[in-house]
Amino acid sequence: MEPANPSELQNFAPVTFTEQPLPAATGHDQPNPLDVSGSMVAFTWLTFGLLALVLYKVAWKPILNALDQRENQIKTALEEAEKTRAEYAKIEEERQRLIQQADEKARQIVDQARHAAIESAQVIEAKARDEAGILLANAQREIRSEHDRVIADLRRESAELAISLARKILADQMDEARSRSLLERLQEKV
Amino acid sequence: MAAATLAERSEAVTTYALEHVLDSSHWALPFYNIHLPPWLSLHMVMLVVGAALLSGIFALAFRKKSLVPHGAANALEVMVKFVRDGIAIENLGEEDGRKMAPLLCSFFFFILFLNLMGLIPLFATATGNVNVTAGLSLITLGVMIFGAIHKNGLGGFLKAFIPHGVPWPVLILLVPIEFMGMFIKTFALTIRLFANMFAGHIVIFSLIGLVVTYGWVALPAIGLALAIYILEILVALIQAYVFTLLSAMFIAQVHHPAH
């Protein structure tokens, strides 16, 4: 397109338009943008109707169904996760309870065992003490009886010795009277 | 063209812009001009092309069914989910929202595609045709009226026009206003989408037209046109969203008059 010549450039649009009105305003056969055309409206309906039908089949129904399906799936998954979490919490609680219970029971058992051990130790000790007492008593009795027996033996042996001595003396020299008095004295000494 | 006067050039630009924004009987492709049969117009072709493209893209993206989508299917699904949760269920409630979601998704994607197609060279903007937007908003009106009659019965539908706790003399004024409001809302829906798409293209053509009319001195206008073009992409998204959102709100207002 050639540039406009300088003399024309001086005439700016408003001036030009007032001097020579637009062709549309002069009654040229220009179409009006607001012309009403029933066939165009009907054609719009037809196209839109067909398009809406096709898109309903091809797009809206599958897309909206897929959206619903996905939303439901996500919702179900979330609910399930929540349920699982609640269940896990319950299990955890139960586990804690069981551990506590077991702990308590173990402590009880240990306590009981300790008590039983102390008791049995006491019983054993008492029994040992009794037995020791009995043994001691037996030993003492035996010692005493042995002592008695030894004394009796000694006495008998000394008497026999005395008799044999006396017999020797008597046989040697002594009269009966003298020897008796002597014997008595001896006996007393013993 | 060098000999053409400023007025002639501005007239040519106006004609060119209007020809490209308004409906026409031929589809101008590079090196070839398709002349359409009299019963078919360019915007009708655009409607069909848009619908076919949209169906094709969705069919291609969702040909494999998997629980977790990938790539394009993922992106489309995010938008579908947004329309369902952010527009349908948000305004219509859980039950009605789910029922209306397919319709609102169709609205959103069809309008979005038609809007965006208008920004691609070779295609025209069908949503820049008031008859197309009227057709679409009349569907909303139909859902408002027949949906409400189906849901609440004829009596329930008519009761929606009687506001609660208003003395009866005021009702004489209010009921017709409420009733007219339903049609005004539909009309506003039509004009809002049409005007946004139409005006955006006119602005772009006008800015480029400045270069055609005034020559190189107007070259910076190309930068402005580019900025408006980028804005148009945003507008295409916003208007698709707004049309869908307002449709959902209007339907909800008639279906749940208590709110």
# chains A, B, ... in the order shown; residues from 1 in each chain; ligands from 1
$ residues_around --residues "Leu60 of chain B" --least-positions-apart "4" --cutoff "10 Å" --atoms "only C-alpha atoms" --output "PyMOL selection string"
(chain A and resi 58) or (chain B and resi 54-56+64+72-73)
$ closest_atom_pairs --of "chain B" --to "chain A" --cutoff "7 Å" --atoms "only C-alpha atoms" --output "tab-separated table"
residue	atom	partner	partner_atom	distance
B:Ala2	CA	A:Glu2	CA	5.6
B:Leu6	CA	A:Glu8	CA	6.8
B:Ala7	CA	A:Thr16	CA	6.6
B:Glu11	CA	A:Pro23	CA	6.3
B:Leu22	CA	A:Pro33	CA	6.3
B:Met44	CA	A:Phe43	CA	6.9
B:Leu47	CA	A:Thr47	CA	6.7
B:Val48	CA	A:Thr47	CA	6.5
B:Ala51	CA	A:Leu51	CA	5.8
B:Ser55	CA	A:Leu55	CA	6.2
B:Phe58	CA	A:Ala59	CA	6.1
B:Ala59	CA	A:Val58	CA	5.9
B:Leu67	CA	A:Ala66	CA	6.5
B:Glu77	CA	A:Ile63	CA	6.8
B:Pro102	CA	A:Trp60	CA	5.7
B:Leu103	CA	A:Ala52	CA	6.9
B:Ser106	CA	A:Ala52	CA	5.6
B:Val130	CA	A:Leu34	CA	6.2
B:Asn131	CA	A:Val41	CA	5.2
B:Val132	CA	A:Thr44	CA	5.7
B:Ala134	CA	A:Val41	CA	6.8
B:Gly135	CA	A:Val41	CA	4.7
B:Val212	CA	A:Met1	CA	6.8
B:Tyr214	CA	A:Ala4	CA	5.6
B:Gly215	CA	A:Pro3	CA	4.1
B:Trp216	CA	A:Pro3	CA	5.8
$ write_last_selection --atoms "N, CA and C atoms" --output "tab-separated table (two decimals), in the first residue's frame"
chain	number	residue	atom	x	y	z
B	2	ALA	N	-2.93	3.79	-5.38
B	2	ALA	CA	-2.20	5.00	-4.98
B	2	ALA	C	-3.01	6.24	-5.34
B	6	LEU	N	-8.44	9.56	0.10
B	6	LEU	CA	-8.57	9.09	1.49
B	6	LEU	C	-9.97	8.56	1.73
B	7	ALA	N	-10.94	9.28	1.19
B	7	ALA	CA	-12.33	8.88	1.40
B	7	ALA	C	-12.61	7.53	0.76
B	11	GLU	N	-13.60	4.14	2.75
B	11	GLU	CA	-14.83	3.43	2.38
B	11	GLU	C	-14.51	1.97	2.10
B	22	LEU	N	-19.47	-9.59	9.04
B	22	LEU	CA	-20.86	-10.02	8.81
B	22	LEU	C	-20.89	-11.35	8.08
B	44	MET	N	-23.07	-20.35	9.05
B	44	MET	CA	-23.61	-21.71	9.18
B	44	MET	C	-22.49	-22.73	9.01
B	47	LEU	N	-20.51	-22.80	12.10
B	47	LEU	CA	-21.18	-23.57	13.16
B	47	LEU	C	-20.87	-25.05	12.99
B	48	VAL	N	-21.00	-25.51	11.74
B	48	VAL	CA	-20.79	-26.93	11.46
B	48	VAL	C	-19.33	-27.30	11.68
B	51	ALA	N	-18.61	-27.30	15.41
B	51	ALA	CA	-19.20	-28.48	16.05
B	51	ALA	C	-18.40	-29.73	15.71
B	55	SER	N	-16.35	-31.95	18.39
B	55	SER	CA	-16.65	-33.38	18.54
B	55	SER	C	-15.39	-34.19	18.28
B	58	PHE	N	-12.86	-33.91	21.21
B	58	PHE	CA	-13.28	-34.68	22.39
B	58	PHE	C	-13.21	-36.19	22.12
B	59	ALA	N	-13.61	-36.57	20.91
B	59	ALA	CA	-13.58	-38.00	20.58
B	59	ALA	C	-12.16	-38.51	20.59
B	67	LEU	N	-8.94	-44.33	34.09
B	67	LEU	CA	-9.44	-43.67	35.31
B	67	LEU	C	-8.75	-42.33	35.52
B	77	GLU	N	-10.80	-32.25	30.78
B	77	GLU	CA	-11.55	-32.71	31.95
B	77	GLU	C	-11.59	-31.64	33.04
B	102	PRO	N	-24.32	-31.35	31.41
B	102	PRO	CA	-24.04	-31.60	29.99
B	102	PRO	C	-24.45	-30.43	29.09
B	103	LEU	N	-25.62	-29.85	29.35
B	103	LEU	CA	-26.07	-28.71	28.54
B	103	LEU	C	-25.12	-27.53	28.69
B	106	SER	N	-21.91	-28.10	26.97
B	106	SER	CA	-22.06	-27.91	25.53
B	106	SER	C	-22.04	-26.43	25.19
B	130	VAL	N	-25.71	-12.05	15.37
B	130	VAL	CA	-26.74	-11.93	16.42
B	130	VAL	C	-27.75	-13.08	16.37
B	131	ASN	N	-27.95	-13.66	15.18
B	131	ASN	CA	-28.92	-14.75	15.07
B	131	ASN	C	-28.41	-16.02	15.75
B	132	VAL	N	-27.10	-16.22	15.69
B	132	VAL	CA	-26.51	-17.39	16.36
B	132	VAL	C	-26.65	-17.24	17.88
B	134	ALA	N	-28.69	-15.38	19.42
B	134	ALA	CA	-30.12	-15.43	19.76
B	134	ALA	C	-30.57	-16.89	19.85
B	135	GLY	N	-30.13	-17.69	18.89
B	135	GLY	CA	-30.49	-19.11	18.90
B	135	GLY	C	-30.03	-19.76	20.19
B	212	VAL	N	-4.06	1.09	6.34
B	212	VAL	CA	-4.49	1.09	4.94
B	212	VAL	C	-4.88	2.50	4.50
B	214	TYR	N	-4.12	5.58	6.09
B	214	TYR	CA	-3.17	6.69	6.24
B	214	TYR	C	-1.75	6.31	5.89
B	215	GLY	N	-1.49	5.05	5.55
B	215	GLY	CA	-0.15	4.67	5.13
B	215	GLY	C	0.75	4.38	6.31
B	216	TRP	N	2.06	4.49	6.08
B	216	TRP	CA	3.07	4.06	7.06
B	216	TRP	C	3.01	4.80	8.37
$ residues_around --residues "segment 180-193 of chain B" --least-positions-apart "5" --cutoff "8 Å" --atoms "only C-alpha atoms" --output "list in words"
Thr127, Gly128, Val130, Thr133, Ala134, Leu136, Ser137, Leu138, Thr140, Leu141, Gln239, Phe243, Leu246 and Phe250 of chain B
$ write_last_selection --atoms "C-alpha atoms" --output "PDB file, in the first residue's frame"
ATOM      1  CA  THR B 127     -20.820 -15.800  17.612  1.00  0.00           C
ATOM      2  CA  GLY B 128     -20.463 -12.358  16.023  1.00  0.00           C
ATOM      3  CA  VAL B 130     -26.736 -11.927  16.420  1.00  0.00           C
ATOM      4  CA  THR B 133     -26.346 -15.853  19.821  1.00  0.00           C
ATOM      5  CA  ALA B 134     -30.116 -15.435  19.764  1.00  0.00           C
ATOM      6  CA  LEU B 136     -28.263 -20.069  21.809  1.00  0.00           C
ATOM      7  CA  SER B 137     -29.932 -17.806  24.348  1.00  0.00           C
ATOM      8  CA  LEU B 138     -33.370 -18.952  23.170  1.00  0.00           C
ATOM      9  CA  THR B 140     -31.554 -21.053  27.632  1.00  0.00           C
ATOM     10  CA  LEU B 141     -34.997 -19.426  27.631  1.00  0.00           C
ATOM     11  CA  GLN B 239     -17.666 -14.474  27.167  1.00  0.00           C
ATOM     12  CA  PHE B 243     -22.806 -16.902  28.817  1.00  0.00           C
ATOM     13  CA  LEU B 246     -25.564 -16.434  33.343  1.00  0.00           C
ATOM     14  CA  PHE B 250     -31.140 -17.564  35.019  1.00  0.00           C
TER      15      PHE B 250
END
$ residues_around --residues "Leu186 of chain A" --least-positions-apart "2" --cutoff "12 Å" --atoms "only C-alpha atoms" --output "PyMOL selection string"
chain A and resi 158-159+161-163+165-166+179-184+188-190
$ residues_around --residues "segment 225-227 of chain B" --least-positions-apart "3" --cutoff "7 Å" --atoms "only C-alpha atoms" --output "PyMOL selection string"
chain B and resi 204+207-208+221-222+230-231
$ write_last_selection --atoms "N, CA and C atoms" --output "PDB file, in the first residue's frame"
ATOM      1  N   ILE B 204     -10.269  -4.456  15.786  1.00  0.00           N
ATOM      2  CA  ILE B 204      -9.036  -4.939  15.143  1.00  0.00           C
ATOM      3  C   ILE B 204      -8.984  -4.471  13.686  1.00  0.00           C
ATOM      4  N   LEU B 207      -8.221  -0.737  13.469  1.00  0.00           N
ATOM      5  CA  LEU B 207      -6.820  -0.389  13.733  1.00  0.00           C
ATOM      6  C   LEU B 207      -5.951  -0.733  12.526  1.00  0.00           C
ATOM      7  N   ILE B 208      -6.198  -1.905  11.936  1.00  0.00           N
ATOM      8  CA  ILE B 208      -5.425  -2.263  10.746  1.00  0.00           C
ATOM      9  C   ILE B 208      -5.812  -1.341   9.591  1.00  0.00           C
ATOM     10  N   ALA B 221      -0.262   1.399  14.866  1.00  0.00           N
ATOM     11  CA  ALA B 221      -1.599   0.845  15.124  1.00  0.00           C
ATOM     12  C   ALA B 221      -1.587  -0.672  15.056  1.00  0.00           C
ATOM     13  N   ILE B 222      -0.621  -1.238  14.310  1.00  0.00           N
ATOM     14  CA  ILE B 222      -0.508  -2.698  14.233  1.00  0.00           C
ATOM     15  C   ILE B 222      -0.247  -3.270  15.625  1.00  0.00           C
ATOM     16  N   ILE B 230      -4.802 -10.060  21.434  1.00  0.00           N
ATOM     17  CA  ILE B 230      -4.511 -10.854  22.640  1.00  0.00           C
ATOM     18  C   ILE B 230      -5.659 -10.707  23.643  1.00  0.00           C
ATOM     19  N   LEU B 231      -6.144  -9.460  23.752  1.00  0.00           N
ATOM     20  CA  LEU B 231      -7.289  -9.218  24.636  1.00  0.00           C
ATOM     21  C   LEU B 231      -8.495 -10.037  24.184  1.00  0.00           C
TER      22      LEU B 231
END
$ atom_distance --atom1 "atom CA of Phe108 of chain B" --atom2 "atom CA of Glu19 of chain B"
27.2 Å
$ closest_residue --among "B:Ser25, B:Arg84, B:Leu224, B:His255" --to "Phe107 of chain B" --atoms "only C-alpha atoms"
B:Arg84
$ select_by_dssp --residues "segment 19-161 of chain B" --states "strand (DSSP E or B)" --output "CSV table (one decimal) with C-alpha atoms, in the first residue's frame"
chain,number,residue,atom,x,y,z
B,26,HIS,CA,-18.8,-17.2,0.2
B,27,TRP,CA,-15.8,-18.6,2.2
B,28,ALA,CA,-12.7,-16.8,1.1
B,29,LEU,CA,-9.7,-19.2,1.3
B,32,TYR,CA,-9.8,-20.0,-3.8
B,33,ASN,CA,-13.2,-18.5,-3.0
B,34,ILE,CA,-15.8,-21.1,-2.1
B,35,HIS,CA,-19.3,-19.9,-3.2
$ residues_around --residues "Gly147 of chain B" --least-positions-apart "4" --cutoff "12 Å" --atoms "only C-alpha atoms" --output "list in words"
Asp96, Lys99, Met100, Ile139, Thr140, Leu141, Gly142, Val143, Lys151, Asn152, Gly153, Leu154, Gly156, Phe157, Phe250, Ile251, Ala252, Gln253, Val254, His255 and His256 of chain B
$ atom_distance --atom1 "atom CA of Val49 of chain B" --atom2 "atom CA of Asp23 of chain B"
15.0 Å
